[in-house]
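In what follows, a single structure is set out as structure tokens and then discussed.
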Amino acid sequence: MRKSISKAIVSTALVAAMVVTSVPVAAAASPTKGVEPEALTMVKGEDTGKGISVWANTSEDGSAVIKKVKSKKKTITFNTTVKINGINYTYIAVGKKAFKKCKKLKKVTLPISINRLRKQSFMGSKVKDITLTSKYAPTVAKSAFKGLRTKKMTIRATAMDAKQVKKLKKALKTAKFKGSVVTA
């Protein structure tokens with residue numbers, strides 16, 4: 001009896017969530033603590049300047065996941081937010097194979113709001129230097145660096161304290177990252 005009531009409540013909540021996600025709203029005060037965008041439509045937003053195209057999954061709470069980046073540049077620095085259809089969304093994660101189309105990319109600087117590196121985030125790219133500007137270590141998927149030779153890679157933790165750097169190193173070790181971690 002309780003299971004059927006629980007299922008009915010969950011079903012109703014899911015239907016309500018689908019209705020809410022179809023209406024874009026302005027960014028929330030703290031979007032990094034909200035629901036992470038998963039299966040929403042990928043939309044294109046111009047973010048970092050000439051020659052760089054960014055596609056992102058967006059969420060009703062004002063957050064976005066970097067899903068696809070297309071660029072011929074060697075260096076990309078992301079802003080904290082991306083404007084899509086006149087609405088600002090805050091980046092919270094790097095999605096699967098986000099940098100696959102960036103064959104010349106060597107250095108990427110991720111915004112302070114990034115809190116997750118998903119599976120195969122950098123797969124297909126030739127990135128060698130990643131700068132994390134957040135004060136907190138992101139969650140790193142076990143296969144975030146799958147398909148990359150990480151021995152010569154460097155991750156720069158520019159704003160993290162010693163405790164967060166230790167947490168980052170542990171997460172990177174789990175992800176089979178063999179490069180160096182440098183602090184500012």
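So you can find residues: chains in the structure tokens are A, B, ... in the order shown, residues in each start at 1, and ligands are numbered from 1 in order.
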Margin query: If we count only C-alpha atoms and set the cut-off at 7 Å, which residues sit around stretch 107-111 of chain A, ignoring sequence neighbours fewer than 2 positions away in its own chain? Please answer as a list in words.
Written below: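 Near neighbours after the sequence-gap exclusion: Lys74, Thr75, Ile76, Thr77, Phe78, Asn79, Thr80, Leu105, Ser113, Ile114, Val127, Lys128, Asp129, Ile130, Thr131, Leu132, Thr133 and Ser134 of chain A.
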Next item on the list: Record the distance separating atom CA of A:Ala162 and atom CA of A:Ala141, expressed in Å with one decimal.
Entry: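 Atom CA of A:Ala141 lies 21.3 Å from atom CA of A:Ala162.
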Notebook entry, point to check: How many Å lie between atom CA of A:Ala137 and atom CA of A:Leu117, rounded to one decimal?
Noted result: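 Result for atom CA of A:Ala137 versus atom CA of A:Leu117: 10.3 Å, one decimal.
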Margin query: Residues near A:Lys126, anyone? I mean within 10 Å using only C-alpha atoms, not counting same-chain ones fewer than 3 positions away, as a ChimeraX atom specification.
Written below: /A:74,99-100,102-107,122-123,129,148-149,153
Limited to N, CA and C atoms, could you put the picked residues into a file as a tab-separated table (two decimals), in the first residue's frame?
```tsv
chain	number	residue	atom	x	y	z
A	74	LYS	N	43.76	27.39	-29.00
A	74	LYS	CA	44.62	26.59	-28.12
A	74	LYS	C	44.28	26.79	-26.65
A	99	PHE	N	34.83	18.27	-24.83
A	99	PHE	CA	35.91	18.91	-25.59
A	99	PHE	C	36.38	18.06	-26.78
A	100	LYS	N	35.58	17.10	-27.19
A	100	LYS	CA	35.95	16.19	-28.27
A	100	LYS	C	36.26	16.92	-29.58
A	102	CYS	N	37.62	19.80	-29.97
A	102	CYS	CA	38.68	20.80	-29.79
A	102	CYS	C	40.04	20.14	-29.96
A	103	LYS	N	40.40	19.85	-31.18
A	103	LYS	CA	41.64	19.11	-31.47
A	103	LYS	C	42.90	19.92	-31.18
A	104	LYS	N	42.82	21.25	-31.22
A	104	LYS	CA	43.99	22.10	-30.98
A	104	LYS	C	44.08	22.60	-29.54
A	105	LEU	N	43.04	22.34	-28.75
A	105	LEU	CA	42.98	22.86	-27.39
A	105	LEU	C	44.08	22.27	-26.51
A	106	LYS	N	44.85	23.15	-25.86
A	106	LYS	CA	45.91	22.72	-24.95
A	106	LYS	C	45.64	23.14	-23.51
A	107	LYS	N	44.94	24.28	-23.35
A	107	LYS	CA	44.74	24.82	-22.01
A	107	LYS	C	43.30	25.28	-21.84
A	122	PHE	N	37.10	15.05	-21.00
A	122	PHE	CA	38.13	15.59	-21.88
A	122	PHE	C	38.52	14.62	-23.00
A	123	MET	N	37.79	13.54	-23.13
A	123	MET	CA	38.09	12.53	-24.15
A	123	MET	C	38.04	13.15	-25.55
A	129	ASP	N	46.65	21.28	-19.90
A	129	ASP	CA	46.64	22.15	-18.74
A	129	ASP	C	45.21	22.55	-18.41
A	148	LEU	N	42.98	9.58	-22.41
A	148	LEU	CA	44.03	10.60	-22.41
A	148	LEU	C	45.28	10.09	-21.71
A	149	ARG	N	46.41	10.55	-22.19
A	149	ARG	CA	47.69	10.27	-21.51
A	149	ARG	C	47.88	11.40	-20.50
A	153	MET	N	50.01	15.92	-18.10
A	153	MET	CA	48.98	16.93	-17.83
A	153	MET	C	49.21	17.63	-16.50
```
Margin query: Here is a test: counting only C-alpha atoms, which residue of A:Ile92, A:Lys151, A:Pro138, A:Lys101 is nearest to A:Val54?
Written below: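 When distances to A:Val54 are compared using only C-alpha atoms, the smallest one comes from A:Lys101.
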Check: Hey, what does DSSP flag as strand (DSSP E or B) within stretch 27-169 of chain A? Can you give it to me as a ChimeraX atom specification?
Finding: /A:42-45,52-58,63-71,75-77,81-84,87-94,101,107-110,116-117,129-132,139-140,154-157
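Note that the spacing between atom CA of A:Asp61 and atom CA of A:Thr139 amounts to 20.0 Å.
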Selection: 7 Å around stretch 63-72 of chain A, only C-alpha atoms, excl. self and same-chain fewer than 2 positions, as an mmCIF file with all heavy atoms, in the first residue's frame:
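The resulting file, selection.cif, is shown below:
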```
data_model
loop_
_atom_site.group_PDB
_atom_site.id
_atom_site.type_symbol
_atom_site.label_atom_id
_atom_site.label_comp_id
_atom_site.auth_asym_id
_atom_site.auth_seq_id
_atom_site.Cartn_x
_atom_site.Cartn_y
_atom_site.Cartn_z
ATOM 1 N N PRO A 31 22.601 28.514 -7.966
ATOM 2 C CA PRO A 31 22.256 27.418 -8.862
ATOM 3 C C PRO A 31 23.115 26.182 -8.680
ATOM 4 O O PRO A 31 22.709 25.102 -9.049
ATOM 5 C CB PRO A 31 22.467 28.017 -10.251
ATOM 6 C CG PRO A 31 23.407 29.136 -10.044
ATOM 7 C CD PRO A 31 23.141 29.649 -8.675
ATOM 8 N N THR A 32 24.284 26.296 -8.085
ATOM 9 C CA THR A 32 25.141 25.129 -7.953
ATOM 10 C C THR A 32 24.604 24.136 -6.937
ATOM 11 O O THR A 32 25.045 23.009 -6.899
ATOM 12 C CB THR A 32 26.569 25.535 -7.553
ATOM 13 O OG1 THR A 32 26.506 26.265 -6.336
ATOM 14 C CG2 THR A 32 27.216 26.367 -8.636
ATOM 15 N N PRO A 37 21.221 19.585 -14.445
ATOM 16 C CA PRO A 37 20.572 19.328 -15.724
ATOM 17 C C PRO A 37 21.040 18.000 -16.305
ATOM 18 O O PRO A 37 22.221 17.777 -16.436
ATOM 19 C CB PRO A 37 21.025 20.480 -16.602
ATOM 20 C CG PRO A 37 21.776 21.403 -15.745
ATOM 21 C CD PRO A 37 22.084 20.724 -14.464
ATOM 22 N N GLY A 51 35.070 32.585 -32.353
ATOM 23 C CA GLY A 51 35.672 31.312 -32.712
ATOM 24 C C GLY A 51 35.400 30.179 -31.759
ATOM 25 O O GLY A 51 35.926 29.095 -31.917
ATOM 26 N N ILE A 52 34.584 30.412 -30.743
ATOM 27 C CA ILE A 52 34.282 29.361 -29.773
ATOM 28 C C ILE A 52 32.768 29.225 -29.663
ATOM 29 O O ILE A 52 32.067 30.186 -29.395
ATOM 30 C CB ILE A 52 34.866 29.676 -28.384
ATOM 31 C CG1 ILE A 52 36.383 29.861 -28.483
ATOM 32 C CG2 ILE A 52 34.529 28.571 -27.393
ATOM 33 C CD1 ILE A 52 37.005 30.423 -27.231
ATOM 34 N N SER A 53 32.268 28.028 -29.884
ATOM 35 C CA SER A 53 30.841 27.755 -29.735
ATOM 36 C C SER A 53 30.652 26.790 -28.581
ATOM 37 O O SER A 53 31.390 25.812 -28.460
ATOM 38 C CB SER A 53 30.283 27.131 -31.016
ATOM 39 O OG SER A 53 30.413 28.031 -32.093
ATOM 40 N N VAL A 54 29.663 27.063 -27.745
ATOM 41 C CA VAL A 54 29.395 26.227 -26.579
ATOM 42 C C VAL A 54 27.931 25.807 -26.599
ATOM 43 O O VAL A 54 27.048 26.632 -26.793
ATOM 44 C CB VAL A 54 29.688 26.984 -25.265
ATOM 45 C CG1 VAL A 54 29.396 26.109 -24.062
ATOM 46 C CG2 VAL A 54 31.125 27.470 -25.223
ATOM 47 N N TRP A 55 27.690 24.517 -26.401
ATOM 48 C CA TRP A 55 26.340 24.001 -26.240
ATOM 49 C C TRP A 55 26.213 23.540 -24.798
ATOM 50 O O TRP A 55 27.159 23.004 -24.224
ATOM 51 C CB TRP A 55 26.088 22.823 -27.174
ATOM 52 C CG TRP A 55 25.920 23.213 -28.600
ATOM 53 C CD1 TRP A 55 24.747 23.394 -29.275
ATOM 54 C CD2 TRP A 55 26.953 23.448 -29.560
ATOM 55 N NE1 TRP A 55 24.995 23.735 -30.588
ATOM 56 C CE2 TRP A 55 26.343 23.770 -30.779
ATOM 57 C CE3 TRP A 55 28.340 23.434 -29.499
ATOM 58 C CZ2 TRP A 55 27.062 24.067 -31.930
ATOM 59 C CZ3 TRP A 55 29.070 23.736 -30.640
ATOM 60 C CH2 TRP A 55 28.423 24.046 -31.844
ATOM 61 N N ALA A 56 25.039 23.719 -24.206
ATOM 62 C CA ALA A 56 24.857 23.346 -22.806
ATOM 63 C C ALA A 56 23.462 22.796 -22.567
ATOM 64 O O ALA A 56 22.520 23.164 -23.252
ATOM 65 C CB ALA A 56 25.085 24.560 -21.914
ATOM 66 N N ASN A 57 23.369 21.899 -21.597
ATOM 67 C CA ASN A 57 22.066 21.480 -21.089
ATOM 68 C C ASN A 57 21.728 22.468 -19.984
ATOM 69 O O ASN A 57 22.561 22.751 -19.124
ATOM 70 C CB ASN A 57 22.126 20.069 -20.517
ATOM 71 C CG ASN A 57 22.034 19.011 -21.580
ATOM 72 O OD1 ASN A 57 21.963 19.308 -22.762
ATOM 73 N ND2 ASN A 57 22.052 17.764 -21.166
ATOM 74 N N THR A 58 20.507 22.981 -19.996
ATOM 75 C CA THR A 58 20.115 23.967 -18.997
ATOM 76 C C THR A 58 19.013 23.418 -18.100
ATOM 77 O O THR A 58 18.298 22.507 -18.468
ATOM 78 C CB THR A 58 19.612 25.256 -19.679
ATOM 79 O OG1 THR A 58 18.523 24.931 -20.533
ATOM 80 C CG2 THR A 58 20.727 25.917 -20.479
ATOM 81 N N SER A 59 18.910 24.002 -16.912
ATOM 82 C CA SER A 59 17.926 23.560 -15.937
ATOM 83 C C SER A 59 17.099 24.751 -15.463
ATOM 84 O O SER A 59 17.543 25.895 -15.543
ATOM 85 C CB SER A 59 18.636 22.916 -14.753
ATOM 86 O OG SER A 59 17.711 22.486 -13.790
ATOM 87 N N ASP A 61 16.582 25.729 -12.614
ATOM 88 C CA ASP A 61 17.152 26.447 -11.473
ATOM 89 C C ASP A 61 18.284 27.389 -11.884
ATOM 90 O O ASP A 61 18.922 27.995 -11.047
ATOM 91 C CB ASP A 61 17.620 25.467 -10.391
ATOM 92 C CG ASP A 61 18.852 24.684 -10.794
ATOM 93 O OD1 ASP A 61 19.255 24.739 -11.983
ATOM 94 O OD2 ASP A 61 19.429 24.007 -9.929
ATOM 95 N N LYS A 74 43.761 27.392 -28.996
ATOM 96 C CA LYS A 74 44.619 26.586 -28.124
ATOM 97 C C LYS A 74 44.280 26.790 -26.647
ATOM 98 O O LYS A 74 44.602 25.955 -25.823
ATOM 99 C CB LYS A 74 46.088 26.923 -28.375
ATOM 100 C CG LYS A 74 46.580 26.456 -29.724
ATOM 101 C CD LYS A 74 48.055 26.747 -29.895
ATOM 102 C CE LYS A 74 48.516 26.237 -31.252
ATOM 103 N NZ LYS A 74 49.949 26.460 -31.449
ATOM 104 N N TYR A 89 22.680 31.408 -17.416
ATOM 105 C CA TYR A 89 22.772 30.126 -16.726
ATOM 106 C C TYR A 89 24.182 29.988 -16.169
ATOM 107 O O TYR A 89 25.145 30.390 -16.816
ATOM 108 C CB TYR A 89 22.490 28.963 -17.683
ATOM 109 C CG TYR A 89 21.069 28.933 -18.196
ATOM 110 C CD1 TYR A 89 20.724 29.568 -19.384
ATOM 111 C CD2 TYR A 89 20.073 28.276 -17.485
ATOM 112 C CE1 TYR A 89 19.420 29.539 -19.849
ATOM 113 C CE2 TYR A 89 18.769 28.246 -17.948
ATOM 114 C CZ TYR A 89 18.447 28.883 -19.136
ATOM 115 O OH TYR A 89 17.163 28.854 -19.586
ATOM 116 N N THR A 90 24.314 29.386 -14.993
ATOM 117 C CA THR A 90 25.608 29.194 -14.357
ATOM 118 C C THR A 90 26.116 27.782 -14.637
ATOM 119 O O THR A 90 25.414 26.808 -14.383
ATOM 120 C CB THR A 90 25.488 29.393 -12.830
ATOM 121 O OG1 THR A 90 24.973 30.695 -12.595
ATOM 122 C CG2 THR A 90 26.840 29.241 -12.149
ATOM 123 N N TYR A 91 27.337 27.698 -15.161
ATOM 124 C CA TYR A 91 27.940 26.389 -15.409
ATOM 125 C C TYR A 91 28.213 25.681 -14.087
ATOM 126 O O TYR A 91 28.782 26.277 -13.168
ATOM 127 C CB TYR A 91 29.273 26.528 -16.138
ATOM 128 C CG TYR A 91 29.176 26.939 -17.581
ATOM 129 C CD1 TYR A 91 29.878 28.035 -18.056
ATOM 130 C CD2 TYR A 91 28.402 26.218 -18.483
ATOM 131 C CE1 TYR A 91 29.813 28.399 -19.395
ATOM 132 C CE2 TYR A 91 28.323 26.578 -19.811
ATOM 133 C CZ TYR A 91 29.033 27.669 -20.265
ATOM 134 O OH TYR A 91 28.969 28.029 -21.580
ATOM 135 N N ILE A 92 27.822 24.400 -13.998
ATOM 136 C CA ILE A 92 28.108 23.635 -12.785
ATOM 137 C C ILE A 92 28.901 22.362 -13.057
ATOM 138 O O ILE A 92 29.426 21.761 -12.131
ATOM 139 C CB ILE A 92 26.826 23.285 -12.001
ATOM 140 C CG1 ILE A 92 25.902 22.414 -12.835
ATOM 141 C CG2 ILE A 92 26.125 24.539 -11.511
ATOM 142 C CD1 ILE A 92 24.804 21.760 -12.029
ATOM 143 N N ALA A 93 28.972 21.923 -14.322
ATOM 144 C CA ALA A 93 29.657 20.665 -14.617
ATOM 145 C C ALA A 93 30.168 20.647 -16.054
ATOM 146 O O ALA A 93 29.701 21.401 -16.902
ATOM 147 C CB ALA A 93 28.711 19.481 -14.388
ATOM 148 N N VAL A 94 31.125 19.751 -16.289
ATOM 149 C CA VAL A 94 31.613 19.485 -17.639
ATOM 150 C C VAL A 94 31.062 18.126 -18.038
ATOM 151 O O VAL A 94 31.274 17.131 -17.341
ATOM 152 C CB VAL A 94 33.158 19.474 -17.700
ATOM 153 C CG1 VAL A 94 33.633 19.138 -19.107
ATOM 154 C CG2 VAL A 94 33.724 20.807 -17.251
ATOM 155 N N GLY A 95 30.320 18.076 -19.121
ATOM 156 C CA GLY A 95 29.657 16.857 -19.566
ATOM 157 C C GLY A 95 30.560 15.906 -20.329
ATOM 158 O O GLY A 95 31.719 16.199 -20.638
ATOM 159 N N LYS A 96 29.986 14.770 -20.674
ATOM 160 C CA LYS A 96 30.681 13.701 -21.378
ATOM 161 C C LYS A 96 31.176 14.173 -22.749
ATOM 162 O O LYS A 96 30.409 14.720 -23.536
ATOM 163 C CB LYS A 96 29.729 12.510 -21.539
ATOM 164 C CG LYS A 96 30.351 11.281 -22.133
ATOM 165 C CD LYS A 96 29.334 10.141 -22.137
ATOM 166 C CE LYS A 96 29.941 8.874 -22.689
ATOM 167 N NZ LYS A 96 28.996 7.764 -22.635
ATOM 168 N N ALA A 98 32.821 16.651 -23.733
ATOM 169 C CA ALA A 98 32.542 18.060 -24.020
ATOM 170 C C ALA A 98 33.587 18.700 -24.925
ATOM 171 O O ALA A 98 33.274 19.569 -25.729
ATOM 172 C CB ALA A 98 32.435 18.848 -22.721
ATOM 173 N N PHE A 99 34.831 18.272 -24.833
ATOM 174 C CA PHE A 99 35.906 18.906 -25.588
ATOM 175 C C PHE A 99 36.380 18.064 -26.775
ATOM 176 O O PHE A 99 37.446 18.306 -27.333
ATOM 177 C CB PHE A 99 37.082 19.220 -24.663
ATOM 178 C CG PHE A 99 36.732 20.254 -23.623
ATOM 179 C CD1 PHE A 99 36.356 19.870 -22.350
ATOM 180 C CD2 PHE A 99 36.747 21.600 -23.929
ATOM 181 C CE1 PHE A 99 36.012 20.811 -21.395
ATOM 182 C CE2 PHE A 99 36.401 22.553 -22.992
ATOM 183 C CZ PHE A 99 36.038 22.162 -21.724
ATOM 184 N N LYS A 101 35.568 17.999 -29.871
ATOM 185 C CA LYS A 101 35.741 18.739 -31.126
ATOM 186 C C LYS A 101 36.855 19.791 -31.054
ATOM 187 O O LYS A 101 37.019 20.574 -31.962
ATOM 188 C CB LYS A 101 34.433 19.435 -31.511
ATOM 189 C CG LYS A 101 33.272 18.509 -31.705
ATOM 190 C CD LYS A 101 33.333 17.861 -33.057
ATOM 191 C CE LYS A 101 32.084 17.020 -33.274
ATOM 192 N NZ LYS A 101 32.111 16.307 -34.492
ATOM 193 N N CYS A 102 37.624 19.797 -29.972
ATOM 194 C CA CYS A 102 38.679 20.800 -29.790
ATOM 195 C C CYS A 102 40.044 20.138 -29.961
ATOM 196 O O CYS A 102 40.768 19.911 -28.993
ATOM 197 C CB CYS A 102 38.565 21.438 -28.414
ATOM 198 S SG CYS A 102 37.011 22.284 -28.136
ATOM 199 N N LYS A 104 42.818 21.252 -31.218
ATOM 200 C CA LYS A 104 43.989 22.097 -30.980
ATOM 201 C C LYS A 104 44.080 22.599 -29.541
ATOM 202 O O LYS A 104 45.071 23.206 -29.161
ATOM 203 C CB LYS A 104 43.984 23.288 -31.937
ATOM 204 C CG LYS A 104 44.161 22.878 -33.381
ATOM 205 C CD LYS A 104 44.202 24.084 -34.284
ATOM 206 C CE LYS A 104 44.395 23.648 -35.727
ATOM 207 N NZ LYS A 104 44.444 24.796 -36.632
#
```
